[in-house]
$ cat protein-v7.cif   # mmCIF, C-alpha atoms and all ligand atoms
data_query
loop_
_atom_site.label_atom_id
_atom_site.label_comp_id
_atom_site.auth_asym_id
_atom_site.auth_seq_id
_atom_site.Cartn_x
_atom_site.Cartn_y
_atom_site.Cartn_z
CA MET A 1 42.58 125.22 1.89
CA LYS A 2 45.15 122.98 3.49
CA LEU A 3 44.30 119.31 3.94
CA HIS A 4 46.26 116.51 5.62
CA LEU A 5 45.97 112.98 4.25
CA ILE A 6 47.05 110.53 6.92
CA ALA A 7 48.73 107.34 5.77
CA GLY A 8 51.00 105.21 7.89
CA ALA A 9 50.06 101.60 7.32
CA ARG A 10 49.83 99.44 4.22
CA PRO A 11 46.06 99.64 3.57
CA ASN A 12 46.01 103.41 3.97
CA PHE A 13 48.54 103.99 1.19
CA VAL A 14 46.05 102.27 -1.12
CA LYS A 15 43.12 104.29 0.23
CA ILE A 16 44.67 107.72 -0.29
CA ALA A 17 46.23 107.03 -3.71
CA PRO A 18 43.07 107.64 -5.80
CA LEU A 19 42.28 110.83 -3.86
CA VAL A 20 45.49 112.73 -4.51
CA PRO A 21 44.85 113.56 -8.19
CA TYR A 22 41.32 114.84 -7.45
CA LEU A 23 41.97 117.09 -4.49
CA ARG A 24 43.68 119.98 -6.20
CA ASN A 25 40.75 120.35 -8.61
CA ALA A 26 38.48 120.69 -5.60
CA GLY A 27 40.47 123.70 -4.39
CA TRP A 28 42.48 121.95 -1.69
CA VAL A 29 46.23 121.70 -1.14
CA PRO A 30 46.81 118.10 -0.01
CA TYR A 31 49.76 117.30 2.24
CA LEU A 32 50.66 113.67 2.74
CA VAL A 33 51.50 112.74 6.34
CA HIS A 34 53.31 109.40 6.78
CA SER A 35 52.52 108.33 10.31
CA GLY A 36 55.19 105.61 10.38
CA GLN A 37 53.21 102.54 11.48
CA HIS A 38 54.62 100.51 8.58
CA PHE A 39 58.20 101.09 7.53
CA ASP A 40 59.67 98.06 5.68
CA ASP A 41 60.05 98.79 1.96
CA ARG A 42 57.61 95.99 1.15
CA MET A 43 55.00 97.49 3.48
CA SER A 44 55.60 101.14 2.63
CA SER A 45 57.90 102.59 -0.07
CA ASP A 46 57.05 99.86 -2.62
CA PHE A 47 53.40 100.87 -2.20
CA PHE A 48 54.27 104.49 -2.91
CA ASP A 49 56.05 103.44 -6.11
CA ASP A 50 53.29 101.09 -7.28
CA LEU A 51 50.50 103.59 -6.60
CA ASN A 52 52.36 106.61 -8.04
CA LEU A 53 52.03 108.38 -4.71
CA PRO A 54 54.07 111.54 -4.17
CA LYS A 55 56.73 111.40 -1.45
CA PRO A 56 55.26 112.21 1.99
CA ASP A 57 55.39 115.90 2.91
CA PHE A 58 55.80 114.97 6.56
CA HIS A 59 57.03 111.85 8.30
CA LEU A 60 56.18 111.30 11.96
CA GLY A 61 58.96 108.71 12.52
CA ARG A 62 58.69 104.98 13.16
CA ALA A 63 55.74 103.96 15.33
CA THR A 64 56.54 100.53 16.72
CA GLY A 65 55.79 98.59 19.91
CA SER A 66 52.50 97.84 21.63
CA HIS A 67 49.22 99.42 20.54
CA ALA A 68 49.47 102.04 23.28
CA GLN A 69 53.07 102.83 22.37
CA GLN A 70 52.27 103.17 18.64
CA THR A 71 49.21 105.29 19.30
CA ALA A 72 50.97 107.50 21.85
CA HIS A 73 53.93 108.09 19.52
CA VAL A 74 51.70 109.12 16.61
CA MET A 75 49.45 111.30 18.80
CA GLN A 76 52.40 113.22 20.20
CA ALA A 77 54.13 113.66 16.85
CA TYR A 78 50.95 114.61 15.02
CA GLU A 79 49.79 117.08 17.64
CA GLU A 80 53.01 119.02 17.13
CA LEU A 81 52.65 118.93 13.34
CA PHE A 82 48.97 119.89 13.46
CA LEU A 83 49.67 122.92 15.64
CA SER A 84 52.45 124.17 13.39
CA GLU A 85 50.63 123.46 10.10
CA LYS A 86 47.00 124.14 11.08
CA PRO A 87 45.28 122.24 8.23
CA GLU A 88 41.62 123.06 7.59
CA LEU A 89 40.77 119.38 7.32
CA VAL A 90 42.39 116.07 8.31
CA VAL A 91 41.38 112.97 6.34
CA VAL A 92 41.91 109.70 8.23
CA PRO A 93 41.28 106.48 6.29
CA GLY A 94 40.33 103.06 7.64
CA ASP A 95 40.81 101.67 11.13
CA VAL A 96 44.52 101.34 11.88
CA ASN A 97 46.15 102.72 15.02
CA ALA A 98 47.78 105.62 13.14
CA SER A 99 44.35 106.84 11.91
CA LEU A 100 42.92 106.72 15.42
CA ALA A 101 45.91 108.59 16.85
CA CYS A 102 45.75 111.41 14.28
CA ALA A 103 41.96 111.76 14.58
CA ILE A 104 42.20 112.20 18.36
CA ALA A 105 45.16 114.59 18.19
CA ALA A 106 43.51 116.75 15.50
CA LYS A 107 40.14 116.95 17.26
CA LYS A 108 41.70 117.88 20.59
CA CYS A 109 43.52 120.73 18.84
CA GLY A 110 40.19 122.00 17.50
CA GLY A 111 40.58 120.54 14.01
CA ARG A 112 38.01 119.07 11.64
CA VAL A 113 38.29 115.40 10.75
CA ALA A 114 36.85 113.37 7.88
CA HIS A 115 36.74 109.58 8.23
CA LEU A 116 37.19 107.76 4.96
CA GLU A 117 35.58 104.29 5.30
CA ALA A 118 33.19 105.27 8.09
CA GLY A 119 30.48 103.07 9.60
CA LEU A 120 32.00 99.59 9.25
CA ARG A 121 31.18 97.40 12.26
CA CYS A 122 31.77 93.71 13.04
CA GLY A 123 30.51 93.94 16.62
CA ASP A 124 33.66 92.26 17.99
CA THR A 125 35.36 94.60 20.44
CA GLN A 126 38.19 92.07 20.91
CA MET A 127 39.45 93.36 17.58
CA PRO A 128 41.69 96.43 17.84
CA GLU A 129 40.32 97.77 14.54
CA GLU A 130 36.71 97.66 15.80
CA ILE A 131 37.71 99.83 18.76
CA ASN A 132 39.51 102.22 16.43
CA ARG A 133 36.57 102.45 14.01
CA ARG A 134 34.04 103.24 16.71
CA ILE A 135 36.18 105.94 18.27
CA ILE A 136 37.15 107.56 14.97
CA ASP A 137 33.51 107.65 13.83
CA SER A 138 32.32 109.07 17.13
CA ILE A 139 34.60 112.12 16.88
CA SER A 140 34.73 112.75 13.11
CA ASP A 141 32.92 115.71 11.55
CA TYR A 142 32.43 114.08 8.15
CA LEU A 143 31.66 110.39 7.71
CA TRP A 144 32.36 108.95 4.26
CA ALA A 145 30.80 105.50 4.10
CA PRO A 146 31.65 102.73 1.59
CA SER A 147 28.26 100.98 1.54
CA GLN A 148 24.63 101.35 2.63
CA ASP A 149 25.05 99.00 5.64
CA ALA A 150 27.77 101.34 6.95
CA VAL A 151 25.41 104.32 6.62
CA GLU A 152 22.77 102.42 8.57
CA ASN A 153 25.24 101.59 11.36
CA LEU A 154 26.07 105.26 11.76
CA LEU A 155 22.40 106.30 11.81
CA ARG A 156 21.67 103.57 14.38
CA GLU A 157 24.42 105.00 16.57
CA GLY A 158 22.70 108.37 16.44
CA ARG A 159 24.96 110.17 13.99
CA ASP A 160 23.40 113.10 12.20
CA ASN A 161 22.32 112.23 8.66
CA ALA A 162 23.86 115.50 7.46
CA SER A 163 27.38 114.40 8.42
CA ILE A 164 27.14 111.06 6.56
CA LYS A 165 27.79 110.59 2.86
CA LEU A 166 27.71 107.30 0.95
CA VAL A 167 30.76 107.79 -1.27
CA GLY A 168 31.60 104.17 -2.17
CA ASN A 169 34.68 102.00 -1.85
CA ILE A 170 37.97 103.84 -2.33
CA MET A 171 40.05 100.63 -2.50
CA ILE A 172 38.16 99.66 -5.63
CA ASP A 173 39.04 103.06 -7.13
CA ALA A 174 42.71 102.16 -6.58
CA LEU A 175 42.28 98.77 -8.22
CA ILE A 176 40.50 100.25 -11.25
CA MET A 177 43.05 103.09 -11.51
CA MET A 178 45.92 100.56 -11.55
CA ARG A 179 44.38 98.06 -14.01
CA PRO A 180 46.80 98.81 -16.91
CA ALA A 181 49.82 98.43 -14.59
CA LEU A 182 48.32 95.27 -13.06
CA ALA A 183 48.03 93.63 -16.46
CA ARG A 184 51.79 94.01 -16.99
CA ARG A 185 52.94 92.18 -13.83
CA GLN A 186 55.09 89.08 -14.26
CA ILE A 187 54.75 87.58 -10.78
CA LEU A 188 53.03 84.38 -11.99
CA ARG A 189 55.98 83.64 -14.22
CA THR A 190 58.45 84.51 -11.44
CA HIS A 191 56.87 81.91 -9.15
CA ASN A 192 56.01 79.40 -11.87
CA LEU A 193 52.24 79.69 -11.29
CA THR A 194 49.38 79.32 -13.77
CA SER A 195 46.26 81.48 -13.80
CA GLY A 196 43.50 79.70 -11.83
CA GLY A 197 45.94 77.01 -10.70
CA TYR A 198 46.84 78.07 -7.15
CA ILE A 199 45.33 79.21 -3.85
CA LEU A 200 46.51 82.47 -2.29
CA ALA A 201 46.66 82.64 1.52
CA THR A 202 47.37 85.72 3.63
CA LEU A 203 46.85 86.04 7.39
CA HIS A 204 48.03 88.62 9.89
CA ARG A 205 45.24 89.28 12.45
CA PRO A 206 46.38 88.88 16.06
CA ALA A 207 43.49 86.42 16.70
CA ASN A 208 44.91 84.08 14.04
CA VAL A 209 48.65 84.54 14.23
CA ASP A 210 49.57 85.64 17.76
CA ASN A 211 48.19 82.43 19.29
CA VAL A 212 50.63 79.65 18.35
CA GLU A 213 47.99 76.89 18.63
CA VAL A 214 45.60 78.66 16.25
CA LEU A 215 48.36 79.43 13.77
CA ARG A 216 49.59 75.82 13.92
CA LEU A 217 46.06 74.59 13.10
CA ILE A 218 45.74 77.02 10.19
CA ILE A 219 49.10 76.00 8.76
CA GLN A 220 48.17 72.29 9.06
CA GLN A 221 44.91 72.93 7.19
CA LEU A 222 46.73 74.83 4.45
CA ALA A 223 49.36 72.09 4.18
CA GLU A 224 46.57 69.52 3.69
CA LEU A 225 44.94 71.74 1.11
CA SER A 226 48.20 72.03 -0.80
CA THR A 227 47.85 68.33 -1.70
CA ARG A 228 44.87 69.39 -3.90
CA MET A 229 46.25 72.62 -5.33
CA PRO A 230 49.43 74.65 -4.71
CA VAL A 231 49.04 77.14 -1.85
CA ILE A 232 51.14 80.29 -1.84
CA PHE A 233 51.45 82.38 1.32
CA PRO A 234 52.98 85.86 1.26
CA ALA A 235 53.71 86.40 4.97
CA HIS A 236 53.17 89.72 6.74
CA PRO A 237 56.07 90.64 9.13
CA ARG A 238 53.84 89.89 12.14
CA THR A 239 53.04 86.35 10.85
CA LYS A 240 56.63 85.73 9.77
CA LYS A 241 57.94 86.54 13.25
CA VAL A 242 55.56 84.05 14.90
CA LEU A 243 56.18 81.32 12.30
CA GLU A 244 59.91 81.63 12.76
CA SER A 245 59.50 81.09 16.48
CA MET A 246 57.59 77.80 16.11
CA ASP A 247 59.72 75.04 14.59
CA CYS A 248 57.09 72.36 14.29
CA ALA A 249 54.42 74.41 12.48
CA TYR A 250 57.12 75.97 10.37
CA SER A 251 58.08 72.52 9.05
CA ALA A 252 54.46 72.10 7.78
CA THR A 253 54.99 75.24 5.74
CA LYS A 254 57.40 73.25 3.53
CA SER A 255 54.46 72.04 1.43
CA ILE A 256 53.12 75.60 1.27
CA LYS A 257 55.01 78.10 -0.85
CA MET A 258 55.99 80.78 1.66
CA MET A 259 56.83 84.21 0.26
CA HIS A 260 57.60 87.59 1.77
CA ALA A 261 54.81 90.21 1.90
CA GLU A 262 54.13 91.28 -1.68
CA ARG A 263 53.94 94.83 -2.99
CA TYR A 264 50.52 96.21 -4.04
CA LEU A 265 50.51 95.46 -7.77
CA ASP A 266 51.89 91.94 -7.43
CA PHE A 267 49.51 91.08 -4.61
CA VAL A 268 46.40 92.24 -6.50
CA HIS A 269 47.65 90.43 -9.61
CA LEU A 270 48.01 87.26 -7.50
CA GLN A 271 44.43 87.68 -6.22
CA GLN A 272 43.07 88.26 -9.72
CA HIS A 273 44.55 85.02 -11.06
CA SER A 274 44.06 82.75 -8.05
CA ARG A 275 41.45 79.97 -7.88
CA MET A 276 40.53 81.15 -4.39
CA VAL A 277 41.88 83.30 -1.55
CA ILE A 278 42.12 82.48 2.17
CA THR A 279 42.53 85.59 4.29
CA ASP A 280 41.68 87.60 7.39
CA SER A 281 42.27 90.99 5.76
CA GLY A 282 39.44 93.50 5.32
CA GLY A 283 40.74 94.93 2.05
CA VAL A 284 41.23 91.48 0.51
CA GLN A 285 37.60 90.56 1.28
CA GLU A 286 36.62 93.64 -0.74
CA GLU A 287 39.03 93.14 -3.62
CA THR A 288 38.09 89.47 -4.11
CA SER A 289 34.36 90.36 -4.00
CA TYR A 290 34.90 92.95 -6.70
CA LEU A 291 37.08 90.60 -8.80
CA GLY A 292 34.65 87.65 -8.43
CA VAL A 293 37.30 85.43 -6.82
CA PRO A 294 36.07 83.02 -4.08
CA CYS A 295 37.32 84.12 -0.67
CA LEU A 296 37.39 82.31 2.67
CA THR A 297 37.74 84.72 5.58
CA VAL A 298 39.20 83.09 8.69
CA ARG A 299 37.21 85.13 11.20
CA PRO A 300 33.97 84.71 13.15
CA SER A 301 32.54 88.00 11.82
CA THR A 302 33.16 90.69 9.25
CA GLU A 303 32.69 94.46 9.28
CA ARG A 304 32.12 94.17 5.54
CA PRO A 305 28.87 92.07 5.44
CA ILE A 306 28.14 93.22 1.89
CA THR A 307 31.00 90.96 0.72
CA LEU A 308 29.08 87.91 2.00
CA GLU A 309 26.48 88.62 -0.70
CA TYR A 310 29.23 88.14 -3.29
CA THR A 311 32.17 85.69 -3.16
CA ASN A 312 33.20 85.92 0.51
CA ARG A 313 32.43 83.29 3.20
CA LEU A 314 33.44 83.16 6.86
CA VAL A 315 35.20 80.05 8.12
CA SER A 316 36.73 78.80 11.38
CA PRO A 317 40.39 77.62 11.34
CA GLU A 318 39.38 73.95 11.67
CA ASP A 319 37.07 74.11 8.62
CA ILE A 320 39.53 75.67 6.17
CA TYR A 321 40.31 72.39 4.37
CA SER A 322 36.74 71.06 4.03
CA THR A 323 35.22 74.40 2.99
CA SER A 324 38.03 75.03 0.50
CA CYS A 325 37.41 71.61 -1.07
CA GLN A 326 33.70 72.48 -1.51
CA ILE A 327 34.70 75.70 -3.28
CA LEU A 328 37.21 73.91 -5.52
CA ASP A 329 34.45 71.46 -6.53
CA GLU A 330 32.14 74.33 -7.57
CA PRO A 331 32.51 76.22 -10.86
CA SER A 332 34.39 79.56 -10.59
CA PRO A 333 31.91 82.41 -10.04
CA GLU A 334 31.44 85.43 -12.33
CA ALA A 335 32.32 88.93 -11.10
CA LYS A 336 29.17 90.97 -10.29
CA ALA A 337 28.85 94.75 -9.89
CA ILE A 338 28.58 96.06 -6.30
CA PRO A 339 26.68 99.35 -5.76
CA PHE A 340 29.04 102.33 -5.35
CA TRP A 341 32.17 100.21 -5.86
CA ASP A 342 32.64 101.69 -9.29
CA GLY A 343 35.85 103.71 -9.42
CA ASN A 344 34.07 107.02 -8.75
CA THR A 345 34.55 107.24 -4.98
CA ALA A 346 37.43 109.73 -5.14
CA LYS A 347 35.31 111.92 -7.43
CA ARG A 348 32.36 111.82 -5.02
CA ILE A 349 34.69 112.79 -2.16
CA ALA A 350 36.21 115.59 -4.24
CA ASP A 351 32.68 116.89 -4.95
CA CYS A 352 32.00 117.01 -1.19
CA LEU A 353 35.29 118.78 -0.61
CA GLU A 354 34.68 121.23 -3.43
CA MET A 355 31.54 122.39 -1.65
CA LEU A 356 33.38 122.53 1.65
CA SER A 357 36.19 124.64 0.20
CA HIS A 358 33.62 127.28 -0.80
CA ARG A 359 31.81 127.25 2.52
CA PRO A 360 34.42 126.73 5.24
CA GLY A 361 32.98 126.05 8.64
CA ILE A 362 29.58 125.11 7.24
CA ASN A 363 28.38 121.53 7.21
CA ILE A 364 28.71 120.48 3.58
CA PHE A 365 26.26 117.65 3.26
C1 LIG B 401 48.02 96.76 11.02
C2 LIG B 401 46.58 97.14 11.30
C3 LIG B 401 45.65 96.20 10.55
C4 LIG B 401 45.98 96.15 9.07
C5 LIG B 401 47.45 95.77 8.93
C6 LIG B 401 47.86 95.75 7.48
C7 LIG B 401 46.13 98.12 13.50
C8 LIG B 401 45.51 97.90 14.82
N1 LIG B 401 46.24 97.05 12.70
O1 LIG B 401 48.23 95.49 11.58
O2 LIG B 401 44.32 96.67 10.69
O3 LIG B 401 45.18 95.17 8.44
O4 LIG B 401 48.23 96.75 9.62
O5 LIG B 401 49.16 95.28 7.34
O6 LIG B 401 46.50 99.23 13.20
N2 LIG B 401 56.22 95.42 11.25
C9 LIG B 401 57.44 95.37 10.66
N3 LIG B 401 57.58 96.10 9.50
C10 LIG B 401 56.59 96.86 8.97
C11 LIG B 401 55.34 96.86 9.61
C12 LIG B 401 55.17 96.14 10.76
O7 LIG B 401 58.36 94.71 11.10
O8 LIG B 401 56.81 97.50 7.95
C13 LIG B 401 56.03 94.69 12.51
C14 LIG B 401 55.65 95.66 13.63
O9 LIG B 401 56.76 96.26 14.21
C15 LIG B 401 54.89 94.76 14.57
C16 LIG B 401 54.21 93.81 13.62
O10 LIG B 401 54.93 93.83 12.39
O11 LIG B 401 55.76 94.04 15.39
C17 LIG B 401 52.77 94.18 13.40
O12 LIG B 401 52.64 95.52 12.90
P1 LIG B 401 51.46 96.48 13.40
O13 LIG B 401 51.48 97.74 12.62
O14 LIG B 401 51.48 96.56 14.87
O15 LIG B 401 50.15 95.72 13.09
P2 LIG B 401 49.71 94.94 11.79
O16 LIG B 401 49.59 93.52 12.16
O17 LIG B 401 50.56 95.30 10.61
#
$ encode --input "protein-v7.cif" --output "structure tokens"
Amino acid sequence: MKLHLIAGARPNFVKIAPLVPYLRNAGWVPYLVHSGQHFDDRMSSDFFDDLNLPKPDFHLGRATGSHAQQTAHVMQAYEELFLSEKPELVVVPGDVNASLACAIAAKKCGGRVAHLEAGLRCGDTQMPEEINRRIIDSISDYLWAPSQDAVENLLREGRDNASIKLVGNIMIDALIMMRPALARRQILRTHNLTSGGYILATLHRPANVDNVEVLRLIIQQLAELSTRMPVIFPAHPRTKKVLESMDCAYSATKSIKMMHAERYLDFVHLQQHSRMVITDSGGVQEETSYLGVPCLTVRPSTERPITLEYTNRLVSPEDIYSTSCQILDEPSPEAKAIPFWDGNTAKRIADCLEMLSHRPGINIF
């Protein structure tokens, strides 16, 4: 049984990595489709190396430009590939444009689609990812949810219980799988940092970085915070572009240690050893919750509310400094177990697929 794993953007490389070793045992032949949304080495090939991913079997070419342009490019390229390859199942992870494009193209060609990380909702339709999530879930045949709240969202939207499976958090599988390699990283030494002695910041959401005034405010807050503890800031290409275009805010970054976007293992190692993290990334909210590292999420809402029961808090740009100071004055929290975030998600998915491979065409759950 032929299966396509769609990965084209940084978080998706992480989400498919734990699956690859399990799929063959479940009777499937996995083909990796690189849908080209991210293409810099630091956003793509370095992730393949760090996560021991095989080279992509197919590459759909670079998908750049506006959301519509990216989505249209991937839809066109994937439709052609789908029709020539005719996979029995297409697995689309997460909520990026490339996942949406492949899900639509596959379904319109009569294919079956599984959504890995189904059911997450923040309720904010200004966010491109929220639009993507809702559409992908509404057309997918199999909905693999990371947490109970995601299952409840899907049921509330009228999805059939039989198509939903609580499989757990696949990103945590990746982190657990890579623990030995993580322990060997030398990035703290490279940047002269001490464990627990710095704050890690990472921001790339359009709402925070595309608006120059908002980004200026965030940078000012981080610069103020750096008077209490060093702040390091690996910048995503989107953020870097905007920062480079704004001289005055860029000068405030002198007190912040700006770095280029870090590869997977170094970035997780930096999270693990930081005193706290300031972010707007979905995956980082999850990783810090699992690791027990305090996290401030610069967003008005989160599609991952379970993280708020652990070490994550939401904050507005103007409150970054004051809320960070409160956290620095508190003792560091202990890591606590989160249900189904246990390193066995890929196995639970493989078990679902094993049943499906024996009963093609029949609903497996
Ligand atoms: C995308 C995802 C977001 C995810 C993020 C992880 C959507 C809607 N958003 O946002 O959910 O958290 O990836 O990084 O799919 N660029 C480069 N080199 C690269 C990659 C991007 O220069 O390797 C440039 C792009 O050309 C674009 C900008 O960075 O100008 C933003 O990239 P894009 O893929 O549009 O969105 P992200 O902000 O990365």
$ residues_around --input "protein-v7.cif" --residues "Thr194 (chain A)" --least-positions-apart "3" --cutoff "9 Å" --atoms "all atoms listed in the file" --output "ChimeraX atom specification"
/A:188-189,197-198,273-274
$ closest_atom_pairs --input "protein-v7.cif" --of "chain A" --to "ligand LIG 401 (chain B)" --cutoff "10 Å" --atoms "all atoms listed in the file" --output "CSV"
residue,atom,partner,partner_atom,distance
A:Gly8,CA,B:LIG401,O13,8.9
A:Ala9,CA,B:LIG401,O4,5.7
A:Arg10,CA,B:LIG401,O5,5.2
A:Pro11,CA,B:LIG401,C6,5.8
A:Asn12,CA,B:LIG401,C6,8.6
A:Gly36,CA,B:LIG401,O8,8.6
A:Gln37,CA,B:LIG401,O13,5.2
A:His38,CA,B:LIG401,O8,3.8
A:Phe39,CA,B:LIG401,O8,3.9
A:Asp40,CA,B:LIG401,O8,3.7
A:Asp41,CA,B:LIG401,O8,6.9
A:Arg42,CA,B:LIG401,O8,7.0
A:Met43,CA,B:LIG401,O8,4.8
A:Ser44,CA,B:LIG401,O8,6.6
A:Ser45,CA,B:LIG401,O8,9.6
A:Arg62,CA,B:LIG401,O9,9.0
A:Ala63,CA,B:LIG401,O9,7.8
A:Thr64,CA,B:LIG401,O9,5.0
A:Gly65,CA,B:LIG401,O9,6.2
A:Ser66,CA,B:LIG401,O14,7.0
A:His67,CA,B:LIG401,O14,6.7
A:Gln69,CA,B:LIG401,O14,9.9
A:Gln70,CA,B:LIG401,O14,7.7
A:Thr71,CA,B:LIG401,O6,9.0
A:Gly94,CA,B:LIG401,O2,8.1
A:Asp95,CA,B:LIG401,O2,6.1
A:Val96,CA,B:LIG401,O6,3.2
A:Asn97,CA,B:LIG401,O6,4.0
A:Ala98,CA,B:LIG401,O6,6.5
A:Ser99,CA,B:LIG401,O6,8.0
A:Leu100,CA,B:LIG401,O6,8.6
A:Met127,CA,B:LIG401,C8,8.1
A:Pro128,CA,B:LIG401,C8,5.1
A:Glu129,CA,B:LIG401,C8,5.2
A:Glu130,CA,B:LIG401,C8,8.9
A:Ile131,CA,B:LIG401,C8,8.9
A:Asn132,CA,B:LIG401,C8,7.6
A:Leu203,CA,B:LIG401,O16,9.3
A:His204,CA,B:LIG401,O16,5.6
A:Arg205,CA,B:LIG401,O16,6.1
A:Pro206,CA,B:LIG401,O16,6.9
A:Val209,CA,B:LIG401,O16,9.3
A:Asp210,CA,B:LIG401,O16,9.7
A:His236,CA,B:LIG401,O5,6.9
A:Pro237,CA,B:LIG401,O10,4.7
A:Arg238,CA,B:LIG401,O10,4.1
A:Thr239,CA,B:LIG401,O10,7.9
A:Lys240,CA,B:LIG401,O10,8.7
A:Lys241,CA,B:LIG401,O10,7.9
A:Val242,CA,B:LIG401,C16,9.9
A:Ala261,CA,B:LIG401,O5,9.3
A:Asp280,CA,B:LIG401,O3,8.4
A:Ser281,CA,B:LIG401,O3,5.8
A:Gly282,CA,B:LIG401,O3,6.7
A:Gly283,CA,B:LIG401,O3,7.8
A:Val284,CA,B:LIG401,O3,9.6
$ write_last_selection --input "protein-v7.cif" --atoms "C-alpha atoms" --output "PDB file, keeping the file's coordinate frame"
ATOM      1  CA  GLY A   8      51.000 105.210   7.890  1.00  0.00           C
ATOM      2  CA  ALA A   9      50.060 101.600   7.320  1.00  0.00           C
ATOM      3  CA  ARG A  10      49.830  99.440   4.220  1.00  0.00           C
ATOM      4  CA  PRO A  11      46.060  99.640   3.570  1.00  0.00           C
ATOM      5  CA  ASN A  12      46.010 103.410   3.970  1.00  0.00           C
ATOM      6  CA  GLY A  36      55.190 105.610  10.380  1.00  0.00           C
ATOM      7  CA  GLN A  37      53.210 102.540  11.480  1.00  0.00           C
ATOM      8  CA  HIS A  38      54.620 100.510   8.580  1.00  0.00           C
ATOM      9  CA  PHE A  39      58.200 101.090   7.530  1.00  0.00           C
ATOM     10  CA  ASP A  40      59.670  98.060   5.680  1.00  0.00           C
ATOM     11  CA  ASP A  41      60.050  98.790   1.960  1.00  0.00           C
ATOM     12  CA  ARG A  42      57.610  95.990   1.150  1.00  0.00           C
ATOM     13  CA  MET A  43      55.000  97.490   3.480  1.00  0.00           C
ATOM     14  CA  SER A  44      55.600 101.140   2.630  1.00  0.00           C
ATOM     15  CA  SER A  45      57.900 102.590  -0.070  1.00  0.00           C
ATOM     16  CA  ARG A  62      58.690 104.980  13.160  1.00  0.00           C
ATOM     17  CA  ALA A  63      55.740 103.960  15.330  1.00  0.00           C
ATOM     18  CA  THR A  64      56.540 100.530  16.720  1.00  0.00           C
ATOM     19  CA  GLY A  65      55.790  98.590  19.910  1.00  0.00           C
ATOM     20  CA  SER A  66      52.500  97.840  21.630  1.00  0.00           C
ATOM     21  CA  HIS A  67      49.220  99.420  20.540  1.00  0.00           C
ATOM     22  CA  GLN A  69      53.070 102.830  22.370  1.00  0.00           C
ATOM     23  CA  GLN A  70      52.270 103.170  18.640  1.00  0.00           C
ATOM     24  CA  THR A  71      49.210 105.290  19.300  1.00  0.00           C
ATOM     25  CA  GLY A  94      40.330 103.060   7.640  1.00  0.00           C
ATOM     26  CA  ASP A  95      40.810 101.670  11.130  1.00  0.00           C
ATOM     27  CA  VAL A  96      44.520 101.340  11.880  1.00  0.00           C
ATOM     28  CA  ASN A  97      46.150 102.720  15.020  1.00  0.00           C
ATOM     29  CA  ALA A  98      47.780 105.620  13.140  1.00  0.00           C
ATOM     30  CA  SER A  99      44.350 106.840  11.910  1.00  0.00           C
ATOM     31  CA  LEU A 100      42.920 106.720  15.420  1.00  0.00           C
ATOM     32  CA  MET A 127      39.450  93.360  17.580  1.00  0.00           C
ATOM     33  CA  PRO A 128      41.690  96.430  17.840  1.00  0.00           C
ATOM     34  CA  GLU A 129      40.320  97.770  14.540  1.00  0.00           C
ATOM     35  CA  GLU A 130      36.710  97.660  15.800  1.00  0.00           C
ATOM     36  CA  ILE A 131      37.710  99.830  18.760  1.00  0.00           C
ATOM     37  CA  ASN A 132      39.510 102.220  16.430  1.00  0.00           C
ATOM     38  CA  LEU A 203      46.850  86.040   7.390  1.00  0.00           C
ATOM     39  CA  HIS A 204      48.030  88.620   9.890  1.00  0.00           C
ATOM     40  CA  ARG A 205      45.240  89.280  12.450  1.00  0.00           C
ATOM     41  CA  PRO A 206      46.380  88.880  16.060  1.00  0.00           C
ATOM     42  CA  VAL A 209      48.650  84.540  14.230  1.00  0.00           C
ATOM     43  CA  ASP A 210      49.570  85.640  17.760  1.00  0.00           C
ATOM     44  CA  HIS A 236      53.170  89.720   6.740  1.00  0.00           C
ATOM     45  CA  PRO A 237      56.070  90.640   9.130  1.00  0.00           C
ATOM     46  CA  ARG A 238      53.840  89.890  12.140  1.00  0.00           C
ATOM     47  CA  THR A 239      53.040  86.350  10.850  1.00  0.00           C
ATOM     48  CA  LYS A 240      56.630  85.730   9.770  1.00  0.00           C
ATOM     49  CA  LYS A 241      57.940  86.540  13.250  1.00  0.00           C
ATOM     50  CA  VAL A 242      55.560  84.050  14.900  1.00  0.00           C
ATOM     51  CA  ALA A 261      54.810  90.210   1.900  1.00  0.00           C
ATOM     52  CA  ASP A 280      41.680  87.600   7.390  1.00  0.00           C
ATOM     53  CA  SER A 281      42.270  90.990   5.760  1.00  0.00           C
ATOM     54  CA  GLY A 282      39.440  93.500   5.320  1.00  0.00           C
ATOM     55  CA  GLY A 283      40.740  94.930   2.050  1.00  0.00           C
ATOM     56  CA  VAL A 284      41.230  91.480   0.510  1.00  0.00           C
TER      57      VAL A 284
END
$ atom_distance --input "protein-v7.cif" --atom1 "CA of Asn161 (chain A)" --atom2 "CA of Asp141 (chain A)"
11.5 Å
$ residues_around --input "protein-v7.cif" --residues "His34 (chain A)" --least-positions-apart "3" --cutoff "7 Å" --atoms "all atoms listed in the file" --output "list of chain:residue names"
A:Ile6, A:Ala7, A:Gly8, A:Pro56, A:Phe58, A:His59, A:Leu60
$ residues_around --input "protein-v7.cif" --residues "Cys102 (chain A)" --least-positions-apart "3" --cutoff "7 Å" --atoms "all atoms listed in the file" --output "PyMOL selection string"
chain A and resi 74-75+78+98-99+105-106
